[in-house]
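Raw contents of protein.cif, mmCIF, C-alpha atoms:
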```cif
data_target
loop_
_atom_site.label_atom_id
_atom_site.label_comp_id
_atom_site.auth_asym_id
_atom_site.auth_seq_id
_atom_site.Cartn_x
_atom_site.Cartn_y
_atom_site.Cartn_z
CA MET Q 1076 -26.31 -21.92 3.21
CA ALA Q 1077 -23.35 -20.11 1.65
CA LYS Q 1078 -21.26 -17.95 3.97
CA LYS Q 1079 -21.34 -14.26 3.04
CA ILE Q 1080 -17.91 -12.58 2.71
CA ASN Q 1081 -17.66 -8.79 2.32
CA ILE Q 1082 -14.77 -7.74 0.07
CA LEU Q 1083 -13.36 -4.27 -0.66
CA ILE Q 1084 -11.17 -3.94 -3.78
CA VAL Q 1085 -9.26 -0.70 -4.31
CA ASP Q 1086 -7.27 -0.59 -7.55
CA ASP Q 1087 -7.07 1.79 -10.51
CA HIS Q 1088 -6.47 -1.05 -12.98
CA PRO Q 1089 -9.79 -2.55 -14.19
CA PHE Q 1090 -8.17 -5.79 -15.36
CA ILE Q 1091 -6.84 -6.45 -11.85
CA ILE Q 1092 -10.30 -5.95 -10.38
CA GLU Q 1093 -11.73 -8.35 -12.95
CA ALA Q 1094 -9.03 -10.88 -12.02
CA TYR Q 1095 -10.13 -10.68 -8.40
CA LYS Q 1096 -13.78 -11.16 -9.37
CA SER Q 1097 -13.00 -14.12 -11.62
CA THR Q 1098 -11.02 -15.78 -8.85
CA MET Q 1099 -13.80 -15.30 -6.33
CA ALA Q 1100 -16.47 -16.50 -8.76
CA GLY Q 1101 -14.67 -19.84 -9.04
CA TYR Q 1102 -13.82 -20.24 -5.36
CA HIS Q 1103 -16.17 -22.81 -3.81
CA PRO Q 1104 -19.35 -21.10 -5.06
CA SER Q 1105 -21.58 -23.43 -3.04
CA GLN Q 1106 -19.82 -22.45 0.20
CA PHE Q 1107 -19.27 -18.70 -0.15
CA GLU Q 1108 -21.21 -15.69 -1.36
CA PHE Q 1109 -18.98 -12.67 -2.08
CA ASN Q 1110 -20.31 -9.15 -1.67
CA ILE Q 1111 -17.80 -6.97 -3.54
CA THR Q 1112 -17.33 -3.19 -3.26
CA GLN Q 1113 -14.76 -1.50 -5.47
CA ALA Q 1114 -12.99 1.86 -5.65
CA ASN Q 1115 -10.42 3.15 -8.12
CA ASP Q 1116 -8.67 5.97 -6.26
CA CYS Q 1117 -7.72 7.03 -2.74
CA ARG Q 1118 -10.55 9.53 -2.38
CA SER Q 1119 -13.37 7.12 -3.16
CA ALA Q 1120 -11.77 4.46 -0.95
CA TYR Q 1121 -11.39 6.99 1.89
CA ASP Q 1122 -15.08 7.87 1.61
CA ILE Q 1123 -16.01 4.19 1.87
CA ILE Q 1124 -13.78 3.48 4.86
CA THR Q 1125 -14.80 6.59 6.82
CA ASN Q 1126 -18.51 6.19 6.15
CA PRO Q 1127 -20.23 5.63 9.53
CA GLN Q 1128 -22.46 3.11 7.74
CA MET Q 1129 -19.54 1.11 6.31
CA ILE Q 1130 -20.32 -2.58 6.13
CA PRO Q 1131 -17.99 -4.90 8.11
CA TYR Q 1132 -15.49 -5.92 5.43
CA ASP Q 1133 -13.80 -9.27 5.93
CA VAL Q 1134 -11.04 -8.70 3.36
CA ALA Q 1135 -9.67 -5.57 1.66
CA PHE Q 1136 -7.33 -5.50 -1.33
CA PHE Q 1137 -5.30 -2.31 -1.83
CA ASP Q 1138 -3.06 -1.39 -4.74
CA ILE Q 1139 -0.07 0.57 -3.39
CA SER Q 1140 0.12 3.14 -6.21
CA MET Q 1141 -3.11 5.03 -6.85
CA PRO Q 1142 -4.34 8.60 -7.45
CA PRO Q 1143 -3.91 10.35 -4.06
CA TYR Q 1144 -6.39 12.24 -1.88
CA GLU Q 1145 -4.17 15.17 -0.92
CA GLU Q 1146 -6.68 16.96 1.29
CA LYS Q 1147 -6.60 14.06 3.76
CA ASN Q 1148 -2.91 13.13 3.24
CA ILE Q 1149 -3.98 9.78 1.80
CA LEU Q 1150 -1.26 9.35 -0.78
CA SER Q 1151 -1.28 5.62 -1.50
CA GLY Q 1152 -2.73 2.23 -0.72
CA GLU Q 1153 -0.43 2.07 2.29
CA ASP Q 1154 -2.26 5.01 3.87
CA LEU Q 1155 -5.60 3.37 3.11
CA ALA Q 1156 -4.43 0.10 4.64
CA LYS Q 1157 -3.44 1.87 7.86
CA LEU Q 1158 -6.76 3.72 7.90
CA MET Q 1159 -8.65 0.45 7.49
CA LYS Q 1160 -6.64 -1.25 10.26
CA ASN Q 1161 -7.54 1.61 12.61
CA THR Q 1162 -11.18 1.75 11.53
CA LEU Q 1163 -11.90 -1.98 11.26
CA PRO Q 1164 -9.11 -4.02 12.91
CA THR Q 1165 -10.76 -7.35 12.08
CA CYS Q 1166 -10.49 -6.75 8.32
CA ARG Q 1167 -7.70 -8.75 6.67
CA ILE Q 1168 -5.48 -6.53 4.51
CA ILE Q 1169 -3.84 -7.59 1.23
CA LEU Q 1170 -1.49 -5.15 -0.52
CA LEU Q 1171 -0.37 -5.37 -4.15
CA THR Q 1172 2.54 -3.50 -5.68
CA MET Q 1173 4.64 -3.33 -8.82
CA HIS Q 1174 7.70 -2.38 -6.77
CA THR Q 1175 10.40 -4.98 -6.34
CA GLU Q 1176 12.98 -3.00 -4.36
CA SER Q 1177 14.03 -4.70 -1.13
CA LEU Q 1178 13.91 -1.56 1.03
CA LYS Q 1179 10.36 -0.79 -0.13
CA ILE Q 1180 9.12 -4.33 0.55
CA ASN Q 1181 10.70 -4.47 3.99
CA ASN Q 1182 9.31 -1.03 4.80
CA ILE Q 1183 5.77 -2.19 3.97
CA ILE Q 1184 6.12 -5.27 6.16
CA GLN Q 1185 7.55 -3.32 9.10
CA LYS Q 1186 5.12 -0.40 8.93
CA ILE Q 1187 1.86 -2.14 7.99
CA ASN Q 1188 2.33 -5.88 8.58
CA PRO Q 1189 -0.36 -6.83 6.04
CA ASN Q 1190 -2.01 -10.23 6.01
CA GLY Q 1191 -1.02 -10.53 2.38
CA LEU Q 1192 1.61 -8.88 0.17
CA ILE Q 1193 1.79 -9.68 -3.52
CA ILE Q 1194 4.17 -8.39 -6.19
CA LYS Q 1195 2.08 -7.86 -9.32
CA ASN Q 1196 4.75 -9.46 -11.50
CA ASP Q 1197 4.15 -12.65 -9.50
CA LEU Q 1198 0.41 -12.46 -10.08
CA THR Q 1199 -1.18 -15.38 -11.93
CA PHE Q 1200 -4.60 -16.93 -11.54
CA ASP Q 1201 -3.12 -19.76 -9.46
CA GLU Q 1202 -1.14 -17.29 -7.34
CA LEU Q 1203 -4.23 -15.21 -6.62
CA LEU Q 1204 -6.30 -18.31 -5.89
CA THR Q 1205 -3.67 -19.57 -3.43
CA ALA Q 1206 -3.46 -16.17 -1.74
CA PHE Q 1207 -7.23 -15.90 -1.45
CA ASP Q 1208 -7.53 -19.41 -0.06
CA LYS Q 1209 -4.95 -18.75 2.65
CA ILE Q 1210 -6.43 -15.39 3.60
CA LEU Q 1211 -9.91 -16.90 4.05
CA LYS Q 1212 -8.34 -19.58 6.25
CA ASN Q 1213 -6.87 -16.81 8.45
CA GLU Q 1214 -3.33 -17.47 7.22
CA ASN Q 1215 -0.92 -14.87 5.88
CA TYR Q 1216 0.36 -14.94 2.32
CA TYR Q 1217 3.45 -13.41 0.69
CA SER Q 1218 4.15 -13.94 -2.99
CA GLN Q 1219 7.40 -15.59 -4.05
CA THR Q 1220 9.36 -12.36 -4.61
CA VAL Q 1221 8.36 -11.06 -1.18
CA VAL Q 1222 9.39 -14.37 0.41
CA LYS Q 1223 12.77 -14.07 -1.30
CA PHE Q 1224 13.38 -10.61 0.15
CA VAL Q 1225 12.31 -11.70 3.63
CA SER Q 1226 14.46 -14.84 3.55
CA GLN Q 1227 17.49 -12.83 2.44
CA ASN Q 1228 17.21 -10.83 5.67
CA SER Q 1229 19.00 -7.92 4.04
CA GLY Q 1230 19.37 -6.02 7.28
CA GLU Q 1231 17.70 -2.93 5.87
CA ASN Q 1232 15.85 -2.14 9.08
CA MET Q 1233 15.51 1.58 8.49
CA THR Q 1234 12.00 2.68 7.67
CA ILE Q 1235 10.45 5.64 5.91
CA ASP Q 1236 7.52 7.05 7.88
CA ASP Q 1237 4.47 9.04 6.83
CA PHE Q 1238 6.20 12.41 7.19
CA ASP Q 1239 9.10 11.25 4.99
CA ARG Q 1240 6.63 10.12 2.37
CA GLN Q 1241 4.78 13.42 2.53
CA ILE Q 1242 8.04 15.32 2.00
CA LEU Q 1243 8.91 13.20 -1.02
CA TYR Q 1244 5.42 13.56 -2.41
CA HIS Q 1245 5.32 17.36 -2.12
CA LEU Q 1246 8.84 17.70 -3.55
CA SER Q 1247 7.73 15.56 -6.50
CA ARG Q 1248 4.82 17.96 -7.03
CA GLY Q 1249 7.22 20.89 -7.31
CA VAL Q 1250 6.72 22.32 -3.79
CA LYS Q 1251 9.88 24.05 -2.57
CA THR Q 1252 11.44 22.85 0.67
CA LYS Q 1253 10.71 26.14 2.44
CA ASN Q 1254 6.99 25.75 1.63
CA ILE Q 1255 6.57 22.13 2.71
CA PRO Q 1256 5.64 23.20 6.29
CA LEU Q 1257 2.56 24.83 4.72
CA HIS Q 1258 1.41 21.36 3.63
CA THR Q 1259 2.43 19.34 6.70
CA SER Q 1260 2.72 19.75 10.48
CA LEU Q 1261 6.53 19.76 10.26
CA SER Q 1262 8.74 22.76 10.88
CA LEU Q 1263 11.24 23.83 8.23
CA SER Q 1264 14.16 22.54 10.34
CA ALA Q 1265 12.42 19.16 10.69
CA VAL Q 1266 11.87 18.98 6.93
CA GLU Q 1267 15.53 19.76 6.23
CA LYS Q 1268 16.70 17.18 8.78
CA ARG Q 1269 14.46 14.52 7.31
CA LYS Q 1270 15.70 15.29 3.80
CA LEU Q 1271 19.28 14.75 4.98
CA ASN Q 1272 18.28 11.46 6.63
CA LEU Q 1273 16.60 10.32 3.42
CA LYS Q 1274 19.72 11.13 1.41
CA ASP Q 1275 21.79 9.08 3.86
CA LEU Q 1276 19.33 6.20 3.62
CA PHE Q 1277 19.41 6.30 -0.18
CA GLN Q 1278 23.21 6.72 -0.13
CA ILE Q 1279 23.12 10.08 -1.94
CA ARG Q 1280 26.36 11.85 -1.11
CA ASP Q 1281 26.30 15.20 -2.89
CA GLY Q 1282 23.02 15.32 -4.79
CA GLY Q 1283 20.11 17.73 -4.70
CA ASP Q 1284 16.34 17.31 -4.71
CA GLU Q 1285 16.30 15.83 -8.22
CA ASP Q 1286 18.70 13.09 -7.13
CA LEU Q 1287 16.63 12.42 -4.02
CA LEU Q 1288 13.42 12.15 -6.02
CA ARG Q 1289 15.01 9.95 -8.68
CA GLU Q 1290 16.32 7.53 -6.05
CA ALA Q 1291 13.00 7.56 -4.16
CA LYS Q 1292 11.20 6.67 -7.39
CA ASN Q 1293 13.71 3.93 -8.22
CA ARG Q 1294 13.18 2.42 -4.77
CA GLY Q 1295 9.39 2.53 -5.03
CA PHE Q 1296 8.58 5.39 -2.65
CA LEU Q 1297 7.06 7.60 -5.35
#
```
What's the structure tokens form of this structure?
Amino acid sequence: MAKKINILIVDDHPFIIEAYKSTMAGYHPSQFEFNITQANDCRSAYDIITNPQMIPYDVAFFDISMPPYEEKNILSGEDLAKLMKNTLPTCRIILLTMHTESLKINNIIQKINPNGLIIKNDLTFDELLTAFDKILKNENYYSQTVVKFVSQNSGENMTIDDFDRQILYHLSRGVKTKNIPLHTSLSLSAVEKRKLNLKDLFQIRDGGDEDLLREAKNRGFL
């Protein structure tokens, strides 16, 4: 009898979802039966994960960049991955991203420690098949670009936490610094201090919010 594997796929690109399905359809069909649930934004994925009747997913794929769910401060696939790890710790998490900036990749590994991390530019059918095979065998998988960043050991050990990301997000939406405390649990002084720390991290010497946002986008944090 084929072993049933519950899969959650969260991605706003239909062709990526179809690539997942095609890979699974050809993966030892006599041995495995895949039950696939899909979502295409943070809100629908949040509703699935927080549903008291959620099925016990074995594997979850999350795209990093997706339409946010602002009301719950779920701004990306990273937030969904952390939510899933807290809700269902046995679920194996695979993250996909278009970002190829070393600081961003190292930040994901340090903050989330996913079972799989794949750069979409590395993604081929063989790459996805290899990743899926390793994940089902309870091994971790990093795509070749991720492995390169890890092996370089760049020393970028500073991380950007959830509050930093919320500040960047609200600034990018046109919220003034003085009003960010209305959208987060931070005080105004904490927001200003964190903005200064972010500018130091991004090596912005004399720039304003536009420079901070531009550099955050270039480095994959927006």
Practice problem: Just the residues within 12 Å of range 1091-1105 of chain Q, please, counting all atoms listed in the file, with nothing from its chain fewer than 3 positions along; format it as a count of residues only. | Solution: 43
Quiz item: Of the residues Q:Lys1253, Q:His1174, Q:Arg1240, Q:Lys1179, which is the one nearest to Ser1140 in chain Q, using all atoms listed in the file?
Solution: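 Of all the options, Q:His1174 lies closest to Ser1140 in chain Q.
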Quiz prompt | Output check: residues returned by the PyMOL selection byres ((chain Q and resi 1281-1297) around 8), as a list in words | solution =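 For this structure, the PyMOL selection byres ((chain Q and resi 1281-1297) around 8) resolves to His1174, Thr1175, Glu1176, Leu1178, Lys1179, Arg1240, Leu1243, Tyr1244, Leu1246, Ser1247, Leu1273, Lys1274, Phe1277, Ile1279 and Arg1280 of chain Q.
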Quiz item: When you draw a straight line from CA of Asn1181 in chain Q to CA of Asn1272 in chain Q, how long is it in Å?
Solution: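 Between CA of Asn1181 in chain Q and CA of Asn1272 in chain Q the gap is 17.8 Å.
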Quiz prompt | Minimum-distance residue to Ser1260 in chain Q, chosen among Q:Tyr1144, Q:Tyr1121, Q:Phe1238, Q:Phe1090 (using all atoms listed in the file) | solution =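 Answer, going by the shortest atom-to-atom distance: Q:Phe1238.
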Quiz prompt | All residues 8 Å or closer to Pro1189 in chain Q, all atoms listed in the file, same chain fewer than 6 positions away omitted, as a PyMOL selection string | solution = chain Q and resi 1167-1170+1183
Quiz item: Interatomic distance between CA of Gly1152 in chain Q and CA of Cys1117 in chain Q?
Solution: 7.2 Å
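This file, filtered with the PyMOL selection byres ((chain Q and resi 1215) around 9), gives the residues Pro1189, Asn1190, Gly1191, Leu1192, Ala1206, Lys1209, Ile1210, Lys1212, Asn1213, Glu1214, Tyr1216 and Tyr1217 of chain Q.
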Quiz prompt | Straight-line distance linking CA of Asp1133 in chain Q with CA of Ala1156 in chain Q, stated in Å to one decimal | solution = 13.3 Å
Self-check item: Proximity to Thr1259 in chain Q - best of Q:Thr1165, Q:Phe1224, Q:Asn1148, Q:Asn1182, all atoms listed in the file
Solution: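 Result for the nearest residue to Thr1259 in chain Q: Q:Asn1148.
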Around range 1244-1249 of chain Q, with edges along x, y and z and 8 Å added on all six sides, what centre and edge lengths do you get, in Å to one decimal, as lines of an AutoDock Vina configuration file?
```
center_x = 6.8
center_y = 17.2
center_z = -4.7
size_x = 20.0
size_y = 23.3
size_z = 21.2
```
Quiz prompt | Nearest residue to Ile1130 in chain Q from the set Q:Lys1157, Q:Cys1166, Q:Thr1252, Q:Ile1149 (distances using all atoms listed in the file) | solution =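 For Ile1130 in chain Q, the nearest of the candidates is Q:Cys1166.
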Self-check item: Pick from Q:Leu1150, Q:Ile1235, Q:Ile1139, Q:Leu1158 nearest to Ile1124 in chain Q, counting only C-alpha atoms
Solution: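 Among the listed residues, the smallest separation from Ile1124 in chain Q belongs to Q:Leu1158.
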Quiz item: For Arg1269 in chain Q, which of Q:Asp1236, Q:Asn1254, Q:His1245, Q:Pro1143 is the closest residue, counting only C-alpha atoms?
Solution: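 Under the stated criterion, the closest residue is Q:Asp1236.
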